[in-house]
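Asker: I have a structure I would like to understand better, so I am pasting it below and will then ask my questions one at a time.
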Amino acid sequence: MNTEHRYGFETLAIHAGNEPDPTTGSVVPPIYATSTYKQDGVGGLRNGYEYSRSANPTRTALEECLAAIEAGNRGFAFASGLAAEDTLIRSLCVPGDHVVFPDDAYGGTFRLFARVLGTWGVEMTPAAVTHPEAIRAAIQPGRTKVVWLETPTNPLLNVADIAIVAQIAHDAGALLVVDNTFASPYLQQPLELGADVVVHSTTKYMGGHSDVVGGALIVRDAELAEKIAFHQNAIGAVAGPFDSWLVLRGIKTLGVRMDRHSDNAEKVVEFLQRHKSVSQVLYPGVDGHPGHETAAKQMKRFGGIVSFRVAGGEAQALDICNKAEVFTLGESLGGVESLIEHPGKMTHASVAGTPLEVPADLIRLSVGIETIDDLLLDLDRAMA
């Protein structure tokens, strides 16, 4: 692509990393199902390919696309979001280092830090992402190497001001890592706001069809990119060629899907705000949401994830989850189909009894792209 012209998001999503195959002219990148590559003499690598843990052309296409749509210079594709996170921390930290961690975060990420990286010697301190001064206070000068954010958070949909937190982290000599999974690069671009690393579970909106598991890291700094590249190869939790191809396919429609997810989510929020069984709706697009102004400043729209609490407590929350039909009871999010879950007993069971424990009356929706009237009718029946 012509690098002198700044293409729009949708154009990059379709074309970046997706050059027509030079042999056949195929407009879709081939799936290179190979483990090794013939060398042009000993040590003579053809276009840099040696072994598919180190590099694979299908994965390269995805990594180039990831960098383009997140306004980064280098992208890295992994076997899962947690594989990306683990590789990142081992690239940035050594035993004895410290991380400031969200007090509202995905349970799997908390488990990784608390029960895996913690035993390796990396300490974490939870802090409220909505309060920059709490983040500043949690930093341990000389020890804190990373400030970790999710925004919006999972599952309470709190919003952090990325630019402000980036400045706090950089003043302390730390890097800012932003998990951008809930927003997607279509709605929010943390690197443009000062973040150093963007993390994605590409399983979610990037893939978009609930048929692939993957993760990604995107950076701008060349030295940081080389550290990650070394650890990606040394640790080896890379995305396979077929998984890379599926995520590439999903990214092509990311923009149109995110608009429809957001359209439907806004209608669901309006329905929930009027329902007598709902005690609180958590969605950054709501005027009364404490992070609404920040979200409006740094996000294009407010996304497809909606959380809400019910007046009848845990029993009612579980009943609604079990009665929904169009909303499928299941973990994960970001696919074209709508999902409903009870975070306390599902995605966030691992944080029970910790400062990150979520309310028992909480329900999280991943609002899909189905006909909106069918989604509203399904919720109305489940909540009757």
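How things are named: the first chain in the structure tokens is A, the next is B, and so on; residues count from 1 in each chain; ligands count from 1 in the order shown.
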Determine, counting only C-alpha atoms, which protein, DNA and RNA residues have an atom within 10 Å of an atom of region 124-128 of chain A; residues of the same chain fewer than 3 positions away are not included. Present the result as a PyMOL selection string.

Answerer: chain A and resi 97-105+110+113-114+117-118+121+131-140+144+146-149+158-160+355-356

Asker: List the spatial neighbours of Glu341 (chain A) as a count of residues only - criterion: any atom at most 6 Å away, only C-alpha atoms, same-chain residues fewer than 5 positions off excluded.

Answerer: 4

Asker: Extract, using only C-alpha atoms, all DNA, RNA and protein residues at most 9 Å from region 36-38 of chain A, discarding same-chain residues fewer than 2 positions from it, and format them as a PyMOL selection string.

Answerer: chain A and resi 34+40-41+45-46+49-52

Asker: Save out the residues we just selected, all heavy atoms, as an mmCIF file, in the first residue's frame.

Answerer:
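Contents of the output file again09.cif:
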data_model
loop_
_atom_site.group_PDB
_atom_site.id
_atom_site.type_symbol
_atom_site.label_atom_id
_atom_site.label_comp_id
_atom_site.auth_asym_id
_atom_site.auth_seq_id
_atom_site.Cartn_x
_atom_site.Cartn_y
_atom_site.Cartn_z
ATOM 1 N N THR A 34 2.743 -24.821 7.116
ATOM 2 C CA THR A 34 4.077 -25.419 7.056
ATOM 3 C C THR A 34 4.821 -25.120 8.342
ATOM 4 O O THR A 34 4.591 -24.077 8.970
ATOM 5 C CB THR A 34 4.875 -24.875 5.859
ATOM 6 O OG1 THR A 34 6.126 -25.546 5.769
ATOM 7 C CG2 THR A 34 5.122 -23.376 5.973
ATOM 8 N N ASP A 40 18.096 -21.208 1.140
ATOM 9 C CA ASP A 40 18.907 -20.987 -0.058
ATOM 10 C C ASP A 40 20.382 -21.052 0.333
ATOM 11 O O ASP A 40 21.083 -20.034 0.408
ATOM 12 C CB ASP A 40 18.567 -19.646 -0.693
ATOM 13 C CG ASP A 40 17.113 -19.584 -1.142
ATOM 14 O OD1 ASP A 40 16.596 -20.611 -1.597
ATOM 15 O OD2 ASP A 40 16.501 -18.503 -1.022
ATOM 16 N N GLY A 41 20.844 -22.258 0.639
ATOM 17 C CA GLY A 41 22.183 -22.422 1.186
ATOM 18 C C GLY A 41 22.119 -22.342 2.699
ATOM 19 O O GLY A 41 21.152 -21.830 3.283
ATOM 20 N N LEU A 45 18.177 -17.602 4.502
ATOM 21 C CA LEU A 45 16.732 -17.645 4.703
ATOM 22 C C LEU A 45 16.016 -16.901 3.590
ATOM 23 O O LEU A 45 16.371 -15.767 3.265
ATOM 24 C CB LEU A 45 16.360 -17.027 6.057
ATOM 25 C CG LEU A 45 17.100 -17.568 7.282
ATOM 26 C CD1 LEU A 45 16.540 -16.942 8.548
ATOM 27 C CD2 LEU A 45 17.036 -19.077 7.352
ATOM 28 N N ARG A 46 15.013 -17.519 3.025
ATOM 29 C CA ARG A 46 14.252 -16.889 1.945
ATOM 30 C C ARG A 46 13.215 -15.944 2.558
ATOM 31 O O ARG A 46 12.292 -16.375 3.243
ATOM 32 C CB ARG A 46 13.585 -17.946 1.080
ATOM 33 C CG ARG A 46 13.009 -17.389 -0.220
ATOM 34 C CD ARG A 46 12.475 -18.489 -1.104
ATOM 35 N NE ARG A 46 13.510 -19.477 -1.427
ATOM 36 C CZ ARG A 46 13.278 -20.556 -2.167
ATOM 37 N NH1 ARG A 46 12.073 -20.785 -2.655
ATOM 38 N NH2 ARG A 46 14.257 -21.419 -2.405
ATOM 39 N N TYR A 49 12.240 -16.356 6.407
ATOM 40 C CA TYR A 49 11.484 -17.466 6.997
ATOM 41 C C TYR A 49 12.367 -18.691 7.188
ATOM 42 O O TYR A 49 13.085 -19.107 6.278
ATOM 43 C CB TYR A 49 10.271 -17.802 6.122
ATOM 44 C CG TYR A 49 9.243 -16.702 6.127
ATOM 45 C CD1 TYR A 49 9.138 -15.812 5.057
ATOM 46 C CD2 TYR A 49 8.414 -16.511 7.224
ATOM 47 C CE1 TYR A 49 8.219 -14.781 5.079
ATOM 48 C CE2 TYR A 49 7.492 -15.475 7.263
ATOM 49 C CZ TYR A 49 7.395 -14.613 6.188
ATOM 50 O OH TYR A 49 6.489 -13.583 6.218
ATOM 51 N N GLU A 50 12.292 -19.227 8.407
ATOM 52 C CA GLU A 50 13.144 -20.337 8.808
ATOM 53 C C GLU A 50 12.338 -21.465 9.432
ATOM 54 O O GLU A 50 12.504 -22.633 9.116
ATOM 55 C CB GLU A 50 14.178 -19.814 9.813
ATOM 56 C CG GLU A 50 15.035 -20.857 10.481
ATOM 57 C CD GLU A 50 15.903 -20.254 11.573
ATOM 58 O OE1 GLU A 50 15.595 -19.137 12.048
ATOM 59 O OE2 GLU A 50 16.880 -20.902 11.955
ATOM 60 N N TYR A 51 11.446 -21.100 10.369
ATOM 61 C CA TYR A 51 10.691 -22.063 11.165
ATOM 62 C C TYR A 51 9.449 -21.332 11.650
ATOM 63 O O TYR A 51 9.540 -20.170 12.065
ATOM 64 C CB TYR A 51 11.564 -22.546 12.333
ATOM 65 C CG TYR A 51 10.966 -23.619 13.200
ATOM 66 C CD1 TYR A 51 10.654 -24.873 12.694
ATOM 67 C CD2 TYR A 51 10.720 -23.372 14.556
ATOM 68 C CE1 TYR A 51 10.121 -25.863 13.502
ATOM 69 C CE2 TYR A 51 10.189 -24.352 15.378
ATOM 70 C CZ TYR A 51 9.892 -25.590 14.847
ATOM 71 O OH TYR A 51 9.363 -26.584 15.652
ATOM 72 N N SER A 52 8.291 -21.967 11.624
ATOM 73 C CA SER A 52 7.040 -21.218 11.808
ATOM 74 C C SER A 52 6.763 -20.753 13.226
ATOM 75 O O SER A 52 5.843 -19.966 13.440
ATOM 76 C CB SER A 52 5.852 -22.021 11.265
ATOM 77 O OG SER A 52 5.749 -21.835 9.867
#

Asker: Once DSSP has gone over the backbone, tell me which residues of region 234-282 of chain A are in strand (DSSP E or B), as a ChimeraX atom specification.

Answerer: /A:238,278-282

Asker: Would you please work out which residue, of A:Leu377, A:Ile14, A:Leu156, A:Ala84, is nearest to Val256 (chain A) when using only C-alpha atoms?

Answerer: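 Ranking A:Leu377, A:Ile14, A:Leu156, A:Ala84 by distance to Val256 (chain A), first place goes to A:Ile14.
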
Asker: Report as a VMD selection string all protein, DNA and RNA residues lying within 8 Å of Ser366 (chain A), evaluated on only C-alpha atoms, omitting residues in the same chain fewer than 5 positions from it.

Answerer: chain A and resid 304 to 306 333 to 335 338 to 340

Asker: Give the answer as one residue: which of A:Ser307, A:Ser35, A:Thr347, A:Thr11 has the shortest atom-to-atom distance to Pro241 (chain A), using only C-alpha atoms?

Answerer: A:Ser35

Asker: Please provide as a list in words all residues within 10 Å of Arg53 (chain A), with the sequence filter that same-chain residues fewer than 6 positions apart are discarded (counting only C-alpha atoms).

Answerer: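 Near neighbours after the sequence-gap exclusion: Ser35, Thr36, Arg59, Gln232, Asn233, Ala234, Ile235, Gly236, Ala237, Val238, Ala239 and Gly240 of chain A.
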
Asker: Hey, can you check how far CA of Phe302 (chain A) sits from CA of Leu187 (chain A)?

Answerer: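 Computed distance, CA of Phe302 (chain A) to CA of Leu187 (chain A), equals 7.5 Å.
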
Asker: Going by DSSP on the backbone, which bits of region 17-185 of chain A are helix (DSSP H, G or I)? Write them as a ChimeraX atom specification, please.

Answerer: /A:57-69,81-92,107-120,132-138,162-171,184-185

Asker: Quick check, in Å to one decimal: how far apart do CA of Asn264 (chain A) and CA of Phe9 (chain A) lie?

Answerer: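 Calculated distance between CA of Asn264 (chain A) and CA of Phe9 (chain A) is 21.6 Å.
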